[in-house]
$ cat upload08.cif   # mmCIF, C-alpha atoms
data_target
loop_
_atom_site.label_atom_id
_atom_site.label_comp_id
_atom_site.auth_asym_id
_atom_site.auth_seq_id
_atom_site.Cartn_x
_atom_site.Cartn_y
_atom_site.Cartn_z
CA ASP A 862 89.29 145.95 -89.35
CA SER A 863 86.51 147.71 -91.29
CA GLY A 864 83.89 147.20 -88.58
CA VAL A 865 81.65 145.24 -90.96
CA THR A 866 81.06 141.66 -89.84
CA GLN A 867 80.03 138.87 -92.17
CA THR A 868 79.12 135.31 -91.30
CA PRO A 869 79.82 132.62 -92.19
CA LYS A 870 83.31 133.13 -93.62
CA HIS A 871 83.15 129.90 -95.58
CA LEU A 872 80.21 127.81 -96.68
CA ILE A 873 80.09 124.64 -98.74
CA THR A 874 76.78 123.34 -99.95
CA ALA A 875 75.17 121.37 -102.75
CA THR A 876 73.26 122.41 -105.83
CA GLY A 877 69.61 123.09 -105.21
CA GLN A 878 70.14 124.12 -101.62
CA ARG A 879 69.42 127.44 -99.93
CA VAL A 880 71.81 129.48 -97.79
CA THR A 881 71.66 132.70 -95.82
CA LEU A 882 74.57 135.09 -95.49
CA ARG A 883 74.54 137.59 -92.68
CA CYS A 884 76.04 141.04 -92.39
CA SER A 885 76.34 143.46 -89.50
CA PRO A 886 77.24 146.97 -90.67
CA ARG A 887 79.53 149.40 -88.93
CA SER A 888 77.98 151.07 -85.96
CA GLY A 889 75.89 154.00 -87.15
CA ASP A 890 75.88 153.09 -90.84
CA LEU A 891 72.40 152.95 -92.31
CA SER A 892 73.27 151.63 -95.76
CA VAL A 893 74.17 148.05 -96.50
CA TYR A 894 75.34 146.82 -99.88
CA TRP A 895 75.85 143.31 -101.22
CA TYR A 896 78.42 142.51 -103.88
CA GLN A 897 79.37 139.27 -105.56
CA GLN A 898 82.93 138.52 -106.68
CA SER A 899 83.38 135.64 -109.09
CA LEU A 900 86.08 134.71 -111.57
CA ASP A 901 83.68 135.08 -114.48
CA GLN A 902 81.91 138.31 -113.59
CA GLY A 903 84.37 140.09 -111.35
CA LEU A 904 82.95 142.33 -108.63
CA GLN A 905 79.27 143.02 -109.19
CA PHE A 906 76.80 145.08 -107.23
CA LEU A 907 73.76 143.11 -106.16
CA ILE A 908 71.57 145.27 -103.97
CA GLN A 909 71.52 148.15 -101.48
CA TYR A 910 69.35 148.76 -98.45
CA TYR A 911 69.06 152.00 -96.58
CA ASN A 912 67.48 152.02 -93.14
CA GLY A 913 65.42 148.95 -93.92
CA GLU A 914 64.29 149.88 -97.41
CA GLU A 915 65.61 148.70 -100.72
CA ARG A 916 67.42 151.62 -102.34
CA ALA A 917 69.16 150.30 -105.44
CA LYS A 918 69.25 147.06 -107.31
CA GLY A 919 71.91 145.62 -109.55
CA ASN A 920 72.39 142.29 -111.27
CA ILE A 921 70.70 140.27 -108.58
CA LEU A 922 69.11 137.02 -109.69
CA GLU A 923 65.49 136.28 -108.87
CA ARG A 924 66.69 133.29 -106.84
CA PHE A 925 68.46 135.73 -104.54
CA SER A 926 66.79 138.04 -102.06
CA ALA A 927 67.91 140.31 -99.30
CA GLN A 928 66.51 142.27 -96.43
CA GLN A 929 67.65 144.69 -93.78
CA PHE A 930 66.23 144.35 -90.31
CA PRO A 931 65.32 147.06 -87.77
CA ASP A 932 68.66 146.57 -86.02
CA LEU A 933 70.25 147.30 -89.43
CA HIS A 934 71.84 143.93 -89.95
CA SER A 935 71.19 142.41 -93.35
CA GLU A 936 70.76 138.95 -94.77
CA LEU A 937 71.29 137.74 -98.30
CA ASN A 938 69.31 134.63 -99.15
CA LEU A 939 70.46 132.47 -102.03
CA SER A 940 68.16 129.66 -103.14
CA SER A 941 68.11 126.87 -105.73
CA LEU A 942 71.86 127.17 -105.78
CA GLU A 943 73.78 126.41 -108.94
CA LEU A 944 77.46 125.74 -109.48
CA GLY A 945 77.84 129.21 -110.95
CA ASP A 946 76.76 130.81 -107.69
CA SER A 947 80.08 129.85 -106.16
CA ALA A 948 81.68 133.18 -105.34
CA LEU A 949 82.87 135.52 -102.64
CA TYR A 950 79.98 137.58 -101.35
CA PHE A 951 80.84 140.92 -99.82
CA CYS A 952 78.77 143.11 -97.62
CA ALA A 953 79.63 146.79 -97.30
CA SER A 954 78.20 149.62 -95.31
CA SER A 955 78.26 153.39 -95.43
CA ASP A 956 76.68 156.29 -93.64
CA THR A 957 75.17 157.75 -96.82
CA SER A 958 71.88 157.00 -98.47
CA GLY A 959 73.22 156.70 -101.98
CA GLY A 960 72.92 160.11 -103.53
CA ASP A 961 76.38 161.00 -102.37
CA ALA A 962 78.74 158.11 -102.70
CA GLY A 963 80.72 157.96 -99.53
CA GLU A 964 83.38 155.52 -98.62
CA LEU A 965 82.12 151.96 -98.55
CA PHE A 966 83.52 149.79 -95.78
CA PHE A 967 83.68 146.17 -96.84
CA GLY A 968 83.51 143.08 -94.72
CA GLU A 969 85.90 140.17 -95.22
CA GLY A 970 83.40 138.33 -97.35
CA SER A 971 81.61 135.00 -97.24
CA ARG A 972 83.05 132.42 -99.58
CA LEU A 973 80.35 130.17 -100.96
CA THR A 974 81.23 126.94 -102.70
CA VAL A 975 78.44 125.04 -104.42
CA LEU A 976 79.26 121.41 -105.24
CA ALA B 724 76.48 153.00 -120.25
CA GLN B 725 78.78 153.03 -117.27
CA LYS B 726 81.96 151.09 -117.53
CA VAL B 727 85.37 150.89 -115.92
CA THR B 728 88.31 149.43 -117.80
CA GLN B 729 91.55 148.34 -116.25
CA ALA B 730 93.48 147.14 -119.24
CA GLN B 731 96.41 145.76 -117.24
CA THR B 732 95.46 142.35 -115.91
CA GLU B 733 98.78 141.66 -114.22
CA ILE B 734 101.85 143.74 -113.49
CA SER B 735 105.07 142.47 -112.01
CA VAL B 736 107.76 144.81 -110.69
CA VAL B 737 110.82 144.60 -108.52
CA GLU B 738 110.81 146.29 -105.15
CA LYS B 739 111.53 150.04 -105.22
CA GLU B 740 110.31 150.43 -108.78
CA ASP B 741 107.52 152.89 -109.49
CA VAL B 742 104.37 151.46 -111.01
CA THR B 743 101.25 153.02 -112.53
CA LEU B 744 97.91 151.27 -112.66
CA ASP B 745 95.63 152.54 -115.39
CA CYS B 746 91.90 153.13 -115.12
CA VAL B 747 89.59 154.43 -117.85
CA TYR B 748 85.92 155.02 -117.19
CA GLU B 749 82.76 155.74 -119.16
CA THR B 750 79.73 157.59 -117.86
CA ARG B 751 77.06 159.93 -119.13
CA ASP B 752 76.59 161.58 -115.76
CA THR B 753 78.13 164.93 -114.94
CA THR B 754 78.33 164.08 -111.26
CA TYR B 755 80.14 160.90 -110.40
CA TYR B 756 82.72 159.47 -108.05
CA LEU B 757 85.82 157.45 -108.67
CA PHE B 758 87.43 155.06 -106.24
CA TRP B 759 90.41 152.81 -105.82
CA TYR B 760 90.27 149.73 -103.62
CA LYS B 761 93.00 147.27 -102.71
CA GLN B 762 92.37 143.56 -102.26
CA PRO B 763 95.35 141.88 -100.58
CA PRO B 764 95.76 138.09 -100.60
CA SER B 765 93.70 137.88 -97.42
CA GLY B 766 90.68 138.87 -99.50
CA GLU B 767 89.18 141.94 -97.89
CA LEU B 768 88.61 145.13 -99.88
CA VAL B 769 90.45 148.15 -98.53
CA PHE B 770 89.39 151.67 -99.48
CA LEU B 771 92.21 153.83 -100.82
CA ILE B 772 90.66 156.97 -102.27
CA ARG B 773 87.45 158.63 -103.45
CA ARG B 774 87.38 161.50 -105.93
CA ASN B 775 84.35 163.40 -107.18
CA SER B 776 83.99 164.53 -110.77
CA PHE B 777 84.37 168.21 -109.94
CA ASP B 778 87.73 167.85 -108.28
CA GLU B 779 90.49 167.23 -110.78
CA GLN B 780 93.33 167.97 -108.43
CA ASN B 781 95.85 165.21 -108.20
CA GLU B 782 96.29 163.67 -104.80
CA ILE B 783 99.29 162.26 -103.02
CA SER B 784 99.22 160.12 -99.92
CA GLY B 785 102.63 158.87 -98.91
CA ARG B 786 103.90 156.61 -101.68
CA TYR B 787 100.51 156.65 -103.41
CA SER B 788 99.39 159.25 -105.91
CA TRP B 789 96.39 159.57 -108.18
CA ASN B 790 96.04 161.42 -111.48
CA PHE B 791 92.48 162.30 -112.48
CA GLN B 792 92.00 163.61 -116.03
CA LYS B 793 88.44 164.21 -117.18
CA SER B 794 89.60 165.00 -120.70
CA THR B 795 90.75 161.41 -121.14
CA SER B 796 88.30 159.85 -118.64
CA SER B 797 91.17 158.39 -116.71
CA PHE B 798 91.96 157.98 -113.04
CA ASN B 799 95.40 156.43 -112.79
CA PHE B 800 97.11 155.26 -109.64
CA THR B 801 100.87 155.37 -109.09
CA ILE B 802 102.83 153.64 -106.37
CA THR B 803 106.26 155.11 -105.86
CA ALA B 804 109.10 152.95 -104.56
CA SER B 805 106.93 149.84 -104.47
CA GLN B 806 107.20 147.37 -101.61
CA VAL B 807 106.39 143.68 -101.32
CA VAL B 808 103.42 144.59 -99.10
CA ASP B 809 101.90 146.43 -102.05
CA SER B 810 101.29 143.08 -103.76
CA ALA B 811 97.54 142.85 -104.18
CA VAL B 812 94.73 143.21 -106.68
CA TYR B 813 93.76 146.82 -107.19
CA PHE B 814 90.30 147.82 -108.31
CA CYS B 815 89.15 151.06 -109.83
CA ALA B 816 85.44 151.82 -109.42
CA LEU B 817 82.86 154.34 -110.59
CA SER B 818 79.72 155.53 -108.87
CA GLU B 819 77.06 157.75 -110.41
CA ALA B 820 75.14 160.17 -108.23
CA GLU B 821 72.05 160.56 -110.37
CA ASP B 822 68.92 158.62 -109.47
CA ASN B 823 70.34 158.08 -106.02
CA GLN B 824 72.68 155.39 -107.35
CA GLY B 825 75.68 156.88 -105.65
CA GLY B 826 76.25 153.87 -103.50
CA LYS B 827 76.37 151.43 -106.38
CA LEU B 828 79.96 150.90 -107.41
CA ILE B 829 80.88 149.69 -110.86
CA PHE B 830 84.21 147.96 -110.61
CA GLY B 831 86.86 147.36 -113.19
CA GLN B 832 88.25 143.87 -113.61
CA GLY B 833 91.19 144.62 -111.37
CA THR B 834 94.95 144.71 -111.84
CA GLU B 835 97.02 142.15 -109.98
CA LEU B 836 100.24 143.74 -108.84
CA SER B 837 103.12 141.54 -107.82
CA VAL B 838 106.11 143.21 -106.20
CA LYS B 839 109.13 140.96 -106.00
CA PRO B 840 111.96 141.47 -103.52
#
$ encode --input "upload08.cif" --output "structure tokens"
Amino acid sequence: DSGVTQTPKHLITATGQRVTLRCSPRSGDLSVYWYQQSLDQGLQFLIQYYNGEERAKGNILERFSAQQFPDLHSELNLSSLELGDSALYFCASSDTSGGDAGELFFGEGSRLTVL
Amino acid sequence: AQKVTQAQTEISVVEKEDVTLDCVYETRDTTYYLFWYKQPPSGELVFLIRRNSFDEQNEISGRYSWNFQKSTSSFNFTITASQVVDSAVYFCALSEAEDNQGGKLIFGQGTELSVKP
């Protein structure tokens, strides 16, 4: 158990819809990262937040957005969903800000299926 | 540009065989970090090791060992006396420290290891 909690574990929705994925980091970790794992693209970094502020951005689509709340949990919002958004979405946390890459602790992922 | 290449898509071995998973990386940074993660069939990503670019010492942890060679930009992972429980997808990843991007991992495509009894 990594200590990172993601909900929901599975989600099935239709094209055009909007979903929200939630992540609670390990106790004490200030950084939260979102990754997408798909068959086509593999594991890709989406975005990082550190103590409520966006710290680094990867290949995140404009239809996707994220935020980190004062209690440090994070949400990834996916809108206008397309079939290609079907993937496993991982949240990870660490106790570093980003300059020094510490160990990332990954949650079990949220599997999104878009029909 | 940063890139991680795991040329072996799938490897199949029989229990107790030794197996090496290859990882080659590309980066322009002088300070960077290399990682290996394991993804068992259950789907979670399990951290195995982190190595910074200034530490080329090889590391051994039980049946696992890692060989880091900057001269060839490689960070290979060897499992000695493999076991069925080692069956998983293994990912090599790179993180660059410049511009505060240290937390952004660039993953290879993964190597699926199947250990048969």
$ interface_residues --input "upload08.cif" --of "chain A" --to "chain B" --cutoff "12 Å" --atoms "all atoms listed in the file" --output "ChimeraX atom specification"
/A:862-867,870,891-911,915-920,949-972
$ residues_around --input "upload08.cif" --residues "Thr876 of chain A" --least-positions-apart "6" --cutoff "12 Å" --atoms "all atoms listed in the file" --output "list in words"
Leu939, Ser940, Ser941, Leu942, Glu943, Leu944, Gly945, Asp946, Ser947, Leu973, Thr974, Val975 and Leu976 of chain A
$ resolve_selection --input "upload08.cif" --expression "the PyMOL selection byres ((chain A and resi 881) around 9)" --output "short mmCIF file (atom, residue, chain, number, x, y, z; two decimals) with C-alpha atoms, keeping the file's coordinate frame"
data_model
loop_
_atom_site.label_atom_id
_atom_site.label_comp_id
_atom_site.auth_asym_id
_atom_site.auth_seq_id
_atom_site.Cartn_x
_atom_site.Cartn_y
_atom_site.Cartn_z
CA PRO A 869 79.82 132.62 -92.19
CA ARG A 879 69.42 127.44 -99.93
CA VAL A 880 71.81 129.48 -97.79
CA LEU A 882 74.57 135.09 -95.49
CA ARG A 883 74.54 137.59 -92.68
CA GLU A 936 70.76 138.95 -94.77
CA LEU A 937 71.29 137.74 -98.30
CA ASN A 938 69.31 134.63 -99.15
CA LEU A 939 70.46 132.47 -102.03
CA SER A 940 68.16 129.66 -103.14
#
$ resolve_selection --input "upload08.cif" --expression "the PyMOL selection byres ((chain B and resi 747-749) around 9)" --output "list in words"
Ala724, Gln725, Lys726, Val727, Thr728, Gln729, Ala730, Asp745, Cys746, Thr750, Arg751, Leu757, Thr795, Ser796, Ser797, Phe798, Asn799, Cys815, Ala816, Leu817 and Gly831 of chain B
$ atom_distance --input "upload08.cif" --atom1 "atom CA of Val742 of chain B" --atom2 "atom CA of Phe777 of chain B"
26.1 Å
$ atom_distance --input "upload08.cif" --atom1 "atom CA of Gln731 of chain B" --atom2 "atom CA of Asp752 of chain B"
25.4 Å
$ axis_aligned_box --input "upload08.cif" --around "segment 880-894 of chain A" --padding-each-side "3 Å" --output "AutoDock Vina command-line options"
--center_x 75.6 --center_y 141.7 --center_z -92.9 --size_x 13.9 --size_y 30.5 --size_z 19.9
$ atom_distance --input "upload08.cif" --atom1 "atom CA of Pro763 of chain B" --atom2 "atom CA of Val808 of chain B"
8.6 Å
$ resolve_selection --input "upload08.cif" --expression "the PyMOL selection byres ((chain B and resi 733) around 7)" --output "ChimeraX atom specification"
/B:731-732,734-735,834-836
$ build_atoms --input "upload08.cif" --residues "segment 732-743 of chain B" --atoms "all heavy atoms" --output "PDB file, in the coordinates of the input"
ATOM      1  N   THR B 732      95.950 143.448-116.739  1.00  0.00           N
ATOM      2  CA  THR B 732      95.460 142.350-115.910  1.00  0.00           C
ATOM      3  C   THR B 732      96.463 142.031-114.803  1.00  0.00           C
ATOM      4  O   THR B 732      96.085 141.833-113.653  1.00  0.00           O
ATOM      5  CB  THR B 732      95.219 141.105-116.765  1.00  0.00           C
ATOM      6  OG1 THR B 732      94.375 141.450-117.848  1.00  0.00           O
ATOM      7  CG2 THR B 732      94.580 140.003-115.948  1.00  0.00           C
ATOM      8  N   GLU B 733      97.735 141.971-115.185  1.00  0.00           N
ATOM      9  CA  GLU B 733      98.780 141.660-114.220  1.00  0.00           C
ATOM     10  C   GLU B 733      99.992 142.552-114.475  1.00  0.00           C
ATOM     11  O   GLU B 733     100.331 142.836-115.621  1.00  0.00           O
ATOM     12  CB  GLU B 733      99.231 140.193-114.356  1.00  0.00           C
ATOM     13  CG  GLU B 733      98.168 139.175-114.048  1.00  0.00           C
ATOM     14  CD  GLU B 733      98.688 137.761-114.265  1.00  0.00           C
ATOM     15  OE1 GLU B 733      99.910 137.578-114.399  1.00  0.00           O
ATOM     16  OE2 GLU B 733      97.870 136.828-114.304  1.00  0.00           O
ATOM     17  N   ILE B 734     100.607 142.980-113.396  1.00  0.00           N
ATOM     18  CA  ILE B 734     101.850 143.740-113.490  1.00  0.00           C
ATOM     19  C   ILE B 734     102.830 143.153-112.474  1.00  0.00           C
ATOM     20  O   ILE B 734     102.449 142.896-111.327  1.00  0.00           O
ATOM     21  CB  ILE B 734     101.645 145.237-113.171  1.00  0.00           C
ATOM     22  CG1 ILE B 734     100.669 145.884-114.152  1.00  0.00           C
ATOM     23  CG2 ILE B 734     102.988 145.970-113.204  1.00  0.00           C
ATOM     24  CD1 ILE B 734     100.384 147.345-113.824  1.00  0.00           C
ATOM     25  N   SER B 735     104.050 142.968-112.914  1.00  0.00           N
ATOM     26  CA  SER B 735     105.070 142.470-112.010  1.00  0.00           C
ATOM     27  C   SER B 735     106.232 143.454-111.995  1.00  0.00           C
ATOM     28  O   SER B 735     106.726 143.843-113.060  1.00  0.00           O
ATOM     29  CB  SER B 735     105.558 141.092-112.449  1.00  0.00           C
ATOM     30  OG  SER B 735     106.512 140.586-111.542  1.00  0.00           O
ATOM     31  N   VAL B 736     106.648 143.881-110.828  1.00  0.00           N
ATOM     32  CA  VAL B 736     107.760 144.810-110.690  1.00  0.00           C
ATOM     33  C   VAL B 736     108.692 144.298-109.605  1.00  0.00           C
ATOM     34  O   VAL B 736     108.342 143.424-108.809  1.00  0.00           O
ATOM     35  CB  VAL B 736     107.291 146.234-110.355  1.00  0.00           C
ATOM     36  CG1 VAL B 736     106.391 146.785-111.454  1.00  0.00           C
ATOM     37  CG2 VAL B 736     106.598 146.285-109.006  1.00  0.00           C
ATOM     38  N   VAL B 737     109.860 144.894-109.577  1.00  0.00           N
ATOM     39  CA  VAL B 737     110.820 144.600-108.520  1.00  0.00           C
ATOM     40  C   VAL B 737     110.717 145.704-107.490  1.00  0.00           C
ATOM     41  O   VAL B 737     110.466 146.871-107.819  1.00  0.00           O
ATOM     42  CB  VAL B 737     112.251 144.504-109.098  1.00  0.00           C
ATOM     43  CG1 VAL B 737     113.270 144.282-107.984  1.00  0.00           C
ATOM     44  CG2 VAL B 737     112.332 143.385-110.128  1.00  0.00           C
ATOM     45  N   GLU B 738     110.904 145.333-106.253  1.00  0.00           N
ATOM     46  CA  GLU B 738     110.810 146.290-105.150  1.00  0.00           C
ATOM     47  C   GLU B 738     111.576 147.568-105.469  1.00  0.00           C
ATOM     48  O   GLU B 738     112.650 147.538-106.083  1.00  0.00           O
ATOM     49  CB  GLU B 738     111.377 145.650-103.888  1.00  0.00           C
ATOM     50  CG  GLU B 738     110.691 146.110-102.631  1.00  0.00           C
ATOM     51  CD  GLU B 738     111.107 145.303-101.409  1.00  0.00           C
ATOM     52  OE1 GLU B 738     112.102 144.564-101.494  1.00  0.00           O
ATOM     53  OE2 GLU B 738     110.423 145.421-100.391  1.00  0.00           O
ATOM     54  N   LYS B 739     110.987 148.684-105.068  1.00  0.00           N
ATOM     55  CA  LYS B 739     111.530 150.040-105.220  1.00  0.00           C
ATOM     56  C   LYS B 739     111.238 150.632-106.590  1.00  0.00           C
ATOM     57  O   LYS B 739     111.521 151.822-106.806  1.00  0.00           O
ATOM     58  CB  LYS B 739     113.022 150.107-104.926  1.00  0.00           C
ATOM     59  CG  LYS B 739     113.363 149.767-103.481  1.00  0.00           C
ATOM     60  CD  LYS B 739     114.836 149.928-103.185  1.00  0.00           C
ATOM     61  CE  LYS B 739     115.108 149.477-101.739  1.00  0.00           C
ATOM     62  NZ  LYS B 739     116.545 149.490-101.423  1.00  0.00           N
ATOM     63  N   GLU B 740     110.710 149.847-107.504  1.00  0.00           N
ATOM     64  CA  GLU B 740     110.310 150.430-108.780  1.00  0.00           C
ATOM     65  C   GLU B 740     109.012 151.209-108.590  1.00  0.00           C
ATOM     66  O   GLU B 740     108.203 150.910-107.715  1.00  0.00           O
ATOM     67  CB  GLU B 740     110.060 149.325-109.821  1.00  0.00           C
ATOM     68  CG  GLU B 740     111.298 148.728-110.409  1.00  0.00           C
ATOM     69  CD  GLU B 740     110.963 147.744-111.533  1.00  0.00           C
ATOM     70  OE1 GLU B 740     109.863 147.845-112.117  1.00  0.00           O
ATOM     71  OE2 GLU B 740     111.803 146.886-111.818  1.00  0.00           O
ATOM     72  N   ASP B 741     108.802 152.195-109.445  1.00  0.00           N
ATOM     73  CA  ASP B 741     107.520 152.890-109.490  1.00  0.00           C
ATOM     74  C   ASP B 741     106.609 152.143-110.445  1.00  0.00           C
ATOM     75  O   ASP B 741     107.065 151.564-111.449  1.00  0.00           O
ATOM     76  CB  ASP B 741     107.703 154.323-109.999  1.00  0.00           C
ATOM     77  CG  ASP B 741     108.588 155.161-109.089  1.00  0.00           C
ATOM     78  OD1 ASP B 741     108.872 154.722-107.949  1.00  0.00           O
ATOM     79  OD2 ASP B 741     108.995 156.252-109.521  1.00  0.00           O
ATOM     80  N   VAL B 742     105.319 152.163-110.145  1.00  0.00           N
ATOM     81  CA  VAL B 742     104.370 151.460-111.010  1.00  0.00           C
ATOM     82  C   VAL B 742     103.080 152.262-111.103  1.00  0.00           C
ATOM     83  O   VAL B 742     102.635 152.850-110.113  1.00  0.00           O
ATOM     84  CB  VAL B 742     104.099 150.028-110.492  1.00  0.00           C
ATOM     85  CG1 VAL B 742     103.562 150.045-109.077  1.00  0.00           C
ATOM     86  CG2 VAL B 742     103.177 149.262-111.427  1.00  0.00           C
ATOM     87  N   THR B 743     102.512 152.315-112.299  1.00  0.00           N
ATOM     88  CA  THR B 743     101.250 153.020-112.530  1.00  0.00           C
ATOM     89  C   THR B 743     100.188 152.051-112.985  1.00  0.00           C
ATOM     90  O   THR B 743     100.401 151.288-113.939  1.00  0.00           O
ATOM     91  CB  THR B 743     101.425 154.141-113.560  1.00  0.00           C
ATOM     92  OG1 THR B 743     102.325 155.127-113.044  1.00  0.00           O
ATOM     93  CG2 THR B 743     100.084 154.817-113.853  1.00  0.00           C
TER      94      THR B 743
END
